[in-house]
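Enquirer: I'd like to ask you about the structure that follows.
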Amino acid sequence: MHRRARTRATSACAAHPGGRVQAGIGALAAPHRHTLAALPLAVRARRHRGHAQGGRAREVRASCDERCASARGRGDRGRGDRQAVPERGARGPAVKVIVYVEGPSDKSALEALLKPIIEEGRRNGRGISFSPQGGKAQILNDVPRKAAEHLKQHPQDWVFVLPDLYPMAYYDGGPNEHRSFPALRQLLQDKFKRWADKFGLSVETLDHFRVHCLKHDLEALLLAAPDALRARLKTKDKLHGHWRMPVEDQNDNKPPKRVVEALFEKYREKPKYIDTIDAVWILGRAVFSDVESACPQNFAPLVRELRSIAADGALP
């Protein structure tokens, strides 16, 4: 009896070669079906949602891939029709105006005073910055080369040189001798021209090197802002007679900084003048137009050029 049953089963498998495999798969799958059926209803529902979401995720990924490929295709076709944005403009201003100054106090104080011009330049894509060099000697010896190198790479930029006129006597008899601003300007322009010729700068680029000075130093601008200076000194004294007028007419023996130091010693309880703090405080509260009009010899020409470049990108 049993042998006949086994024979019939064997015959059925022989008649259907896949039957044994299908039976085996069914036997393996059956425990899983029984296990799933035995799970709580909430668990089975979560598994069902997971399978459905997985299917939708695959569809979304496929759709995204199609859209990305389409976008890349449109980008390739349209790239030639658009003007490329200058790489430098993407990181900062399209045109830079570098003003080389002697020290950190010059940088911070001038940034405070010239804030309206700096902001106008920024709005127009022209960044005005101040770069301290560590002293007058560094400006005289190093900046002409730095300026030529920079303008070789970026001929659209502007480079300003703004040393103090003081001291002058220190350089008597040496290669950097000068006894006036015209002599100082000629000295720097000659040095720059030699480097410009070496680097092969164009004639148009030569005019982007501008030489100015603070006469005789930064503190002349503080004397041009007497109300803010008086507030810093915490005095109601009119301060008449403490310096020459106009304020740029001090001299190499008694430059404006010495005048300001003497005022701090006279009026302040803590008399020491600290240029990186006090000059910034005073010029940050000064009336810009008053300072400009009080310094017509050297500071006002600098302001006119910076203002024109910030607004129009060209000299006045």
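Identifiers in this document derive from the order of the structure tokens: chains are assigned A, B, ..., residues are numbered from 1 separately in each chain, and ligands are numbered from 1 in order of occurrence.
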If you run DSSP over the backbone, which residues in stretch 156-209 of chain A end up strand (DSSP E)? Put them as a list in words.

Expert: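 Written out, the strand (DSSP E) residues of stretch 156-209 of chain A are Trp158, Val159, Phe160, Val161, Leu162 and Phe209 of chain A.
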
Enquirer: I'd like the contact shell of A:Asn251 - 12 Å cut-off, only C-alpha atoms, skipping same-chain residues fewer than 4 positions apart - returned as a compact mmCIF listing (two decimals) with all heavy atoms, in the first residue's frame.

Expert:
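Full text of around-v2.txt as output:
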```
# COMPACT_ATOMS: atom_id res chain seq x y z
N ASP A 164 52.41 108.44 5.92
CA ASP A 164 52.51 109.74 6.57
C ASP A 164 53.61 110.54 5.89
O ASP A 164 54.62 109.97 5.46
CB ASP A 164 52.86 109.59 8.05
CG ASP A 164 51.75 108.90 8.85
OD1 ASP A 164 50.64 108.72 8.30
OD2 ASP A 164 52.02 108.53 10.00
N LEU A 165 53.43 111.84 5.82
CA LEU A 165 54.53 112.67 5.34
C LEU A 165 55.65 112.72 6.39
O LEU A 165 56.83 112.75 6.05
CB LEU A 165 54.03 114.08 5.03
CG LEU A 165 55.05 115.04 4.40
CD1 LEU A 165 55.61 114.47 3.11
CD2 LEU A 165 54.42 116.41 4.17
N TYR A 166 55.26 112.69 7.66
CA TYR A 166 56.23 112.62 8.76
C TYR A 166 56.70 111.18 8.94
O TYR A 166 55.89 110.25 8.84
CB TYR A 166 55.57 113.12 10.04
CG TYR A 166 56.39 112.91 11.29
CD1 TYR A 166 57.35 113.83 11.67
CD2 TYR A 166 56.21 111.77 12.08
CE1 TYR A 166 58.11 113.64 12.81
CE2 TYR A 166 56.97 111.56 13.22
CZ TYR A 166 57.92 112.50 13.57
OH TYR A 166 58.68 112.30 14.70
N PRO A 167 57.98 110.92 9.21
CA PRO A 167 59.07 111.89 9.25
C PRO A 167 59.72 112.05 7.88
O PRO A 167 59.71 111.13 7.07
CB PRO A 167 60.04 111.25 10.23
CG PRO A 167 59.87 109.78 10.00
CD PRO A 167 58.42 109.59 9.66
N MET A 168 60.32 113.22 7.67
CA MET A 168 61.09 113.46 6.45
C MET A 168 62.58 113.55 6.74
O MET A 168 63.40 113.01 5.99
CB MET A 168 60.60 114.74 5.77
CG MET A 168 59.18 114.65 5.22
SD MET A 168 58.64 116.16 4.38
CE MET A 168 58.40 117.27 5.78
N ALA A 169 62.94 114.21 7.84
CA ALA A 169 64.36 114.41 8.15
C ALA A 169 65.09 113.08 8.32
O ALA A 169 66.29 112.99 8.03
CB ALA A 169 64.50 115.26 9.42
N ARG A 179 61.65 115.95 0.97
CA ARG A 179 61.40 117.06 1.89
C ARG A 179 60.03 117.69 1.67
O ARG A 179 59.73 118.74 2.23
CB ARG A 179 62.47 118.13 1.74
CG ARG A 179 63.88 117.68 2.08
CD ARG A 179 64.01 117.20 3.51
NE ARG A 179 63.69 118.24 4.49
CZ ARG A 179 63.63 118.04 5.80
NH1 ARG A 179 63.86 116.83 6.29
NH2 ARG A 179 63.33 119.03 6.62
N SER A 180 59.18 117.04 0.89
CA SER A 180 57.84 117.55 0.61
C SER A 180 57.00 116.42 0.05
O SER A 180 57.53 115.36 -0.33
CB SER A 180 57.89 118.71 -0.39
OG SER A 180 58.37 118.24 -1.64
N LYS A 215 49.10 114.32 5.87
CA LYS A 215 49.99 115.42 6.20
C LYS A 215 49.63 116.00 7.57
O LYS A 215 48.57 116.63 7.70
CB LYS A 215 49.90 116.50 5.12
CG LYS A 215 50.92 117.61 5.28
CD LYS A 215 50.74 118.68 4.22
CE LYS A 215 51.74 119.81 4.46
NZ LYS A 215 51.51 120.95 3.56
N HIS A 216 50.50 115.80 8.51
CA HIS A 216 51.75 115.05 8.43
C HIS A 216 51.55 113.61 8.89
O HIS A 216 52.40 112.76 8.67
CB HIS A 216 52.83 115.73 9.27
CG HIS A 216 53.37 116.98 8.66
ND1 HIS A 216 52.72 118.17 8.67
CD2 HIS A 216 54.52 117.19 7.97
CE1 HIS A 216 53.43 119.09 8.04
NE2 HIS A 216 54.54 118.52 7.61
N ASP A 217 50.43 113.35 9.55
CA ASP A 217 50.10 111.99 9.96
C ASP A 217 48.59 111.89 10.19
O ASP A 217 47.84 112.85 9.94
CB ASP A 217 50.90 111.58 11.21
CG ASP A 217 50.79 112.57 12.36
OD1 ASP A 217 49.72 113.22 12.48
OD2 ASP A 217 51.75 112.72 13.13
N ALA A 220 46.26 114.54 12.11
CA ALA A 220 45.76 115.78 11.52
C ALA A 220 44.25 115.72 11.36
O ALA A 220 43.54 116.73 11.50
CB ALA A 220 46.43 116.03 10.17
N TRP A 243 47.24 124.24 18.13
CA TRP A 243 47.85 123.79 16.87
C TRP A 243 47.66 124.85 15.79
O TRP A 243 46.85 125.77 15.90
CB TRP A 243 47.26 122.46 16.42
CG TRP A 243 45.77 122.47 16.16
CD1 TRP A 243 45.13 122.89 15.04
CD2 TRP A 243 44.74 122.04 17.06
NE1 TRP A 243 43.77 122.75 15.16
CE2 TRP A 243 43.50 122.22 16.40
CE3 TRP A 243 44.74 121.51 18.36
CZ2 TRP A 243 42.28 121.90 16.99
CZ3 TRP A 243 43.53 121.19 18.94
CH2 TRP A 243 42.31 121.38 18.26
N ARG A 244 48.42 124.68 14.72
CA ARG A 244 48.35 125.61 13.60
C ARG A 244 47.07 125.37 12.79
O ARG A 244 46.53 124.27 12.77
CB ARG A 244 49.55 125.43 12.67
CG ARG A 244 50.89 125.80 13.28
CD ARG A 244 51.99 125.62 12.24
NE ARG A 244 53.30 125.97 12.77
CZ ARG A 244 54.41 125.97 12.04
NH1 ARG A 244 54.37 125.63 10.76
NH2 ARG A 244 55.57 126.30 12.59
N MET A 245 46.65 126.42 12.12
CA MET A 245 45.53 126.31 11.20
C MET A 245 45.99 126.77 9.82
O MET A 245 46.69 127.78 9.72
CB MET A 245 44.36 127.17 11.68
CG MET A 245 43.78 126.71 13.01
SD MET A 245 43.02 125.06 12.92
CE MET A 245 41.59 125.42 11.90
N PRO A 246 45.60 126.05 8.76
CA PRO A 246 44.83 124.80 8.77
C PRO A 246 45.62 123.64 9.37
O PRO A 246 46.84 123.72 9.50
CB PRO A 246 44.53 124.57 7.28
CG PRO A 246 45.59 125.30 6.55
CD PRO A 246 45.96 126.48 7.39
N VAL A 247 44.91 122.58 9.68
CA VAL A 247 45.51 121.51 10.47
C VAL A 247 46.62 120.78 9.72
O VAL A 247 47.49 120.17 10.35
CB VAL A 247 44.43 120.50 10.92
CG1 VAL A 247 43.43 121.15 11.85
CG2 VAL A 247 43.73 119.87 9.72
N PRO A 255 54.66 117.21 14.60
CA PRO A 255 53.55 116.69 13.79
C PRO A 255 52.27 116.61 14.62
O PRO A 255 52.31 116.71 15.85
CB PRO A 255 54.05 115.30 13.39
CG PRO A 255 54.98 114.91 14.49
CD PRO A 255 55.65 116.18 14.92
N PRO A 256 51.14 116.44 13.97
CA PRO A 256 49.85 116.40 14.69
C PRO A 256 49.80 115.38 15.82
O PRO A 256 49.14 115.62 16.83
CB PRO A 256 48.85 116.07 13.58
CG PRO A 256 49.48 116.61 12.35
CD PRO A 256 50.95 116.39 12.51
N LYS A 257 50.47 114.25 15.67
CA LYS A 257 50.41 113.24 16.73
C LYS A 257 50.98 113.77 18.03
O LYS A 257 50.45 113.47 19.12
CB LYS A 257 51.16 111.98 16.30
CG LYS A 257 50.99 110.83 17.30
CD LYS A 257 51.51 109.52 16.74
CE LYS A 257 51.19 108.37 17.69
NZ LYS A 257 51.60 107.06 17.12
N ARG A 258 52.04 114.56 17.96
CA ARG A 258 52.61 115.13 19.18
C ARG A 258 51.63 116.12 19.81
O ARG A 258 51.55 116.22 21.04
CB ARG A 258 53.93 115.83 18.85
CG ARG A 258 54.98 114.90 18.27
CD ARG A 258 55.48 113.90 19.30
NE ARG A 258 56.41 112.96 18.69
CZ ARG A 258 56.08 111.73 18.28
NH1 ARG A 258 54.84 111.29 18.45
NH2 ARG A 258 56.97 110.94 17.74
N VAL A 259 50.89 116.84 19.00
CA VAL A 259 49.88 117.77 19.52
C VAL A 259 48.79 117.01 20.26
O VAL A 259 48.39 117.38 21.37
CB VAL A 259 49.27 118.60 18.36
CG1 VAL A 259 48.14 119.49 18.88
CG2 VAL A 259 50.34 119.43 17.67
```
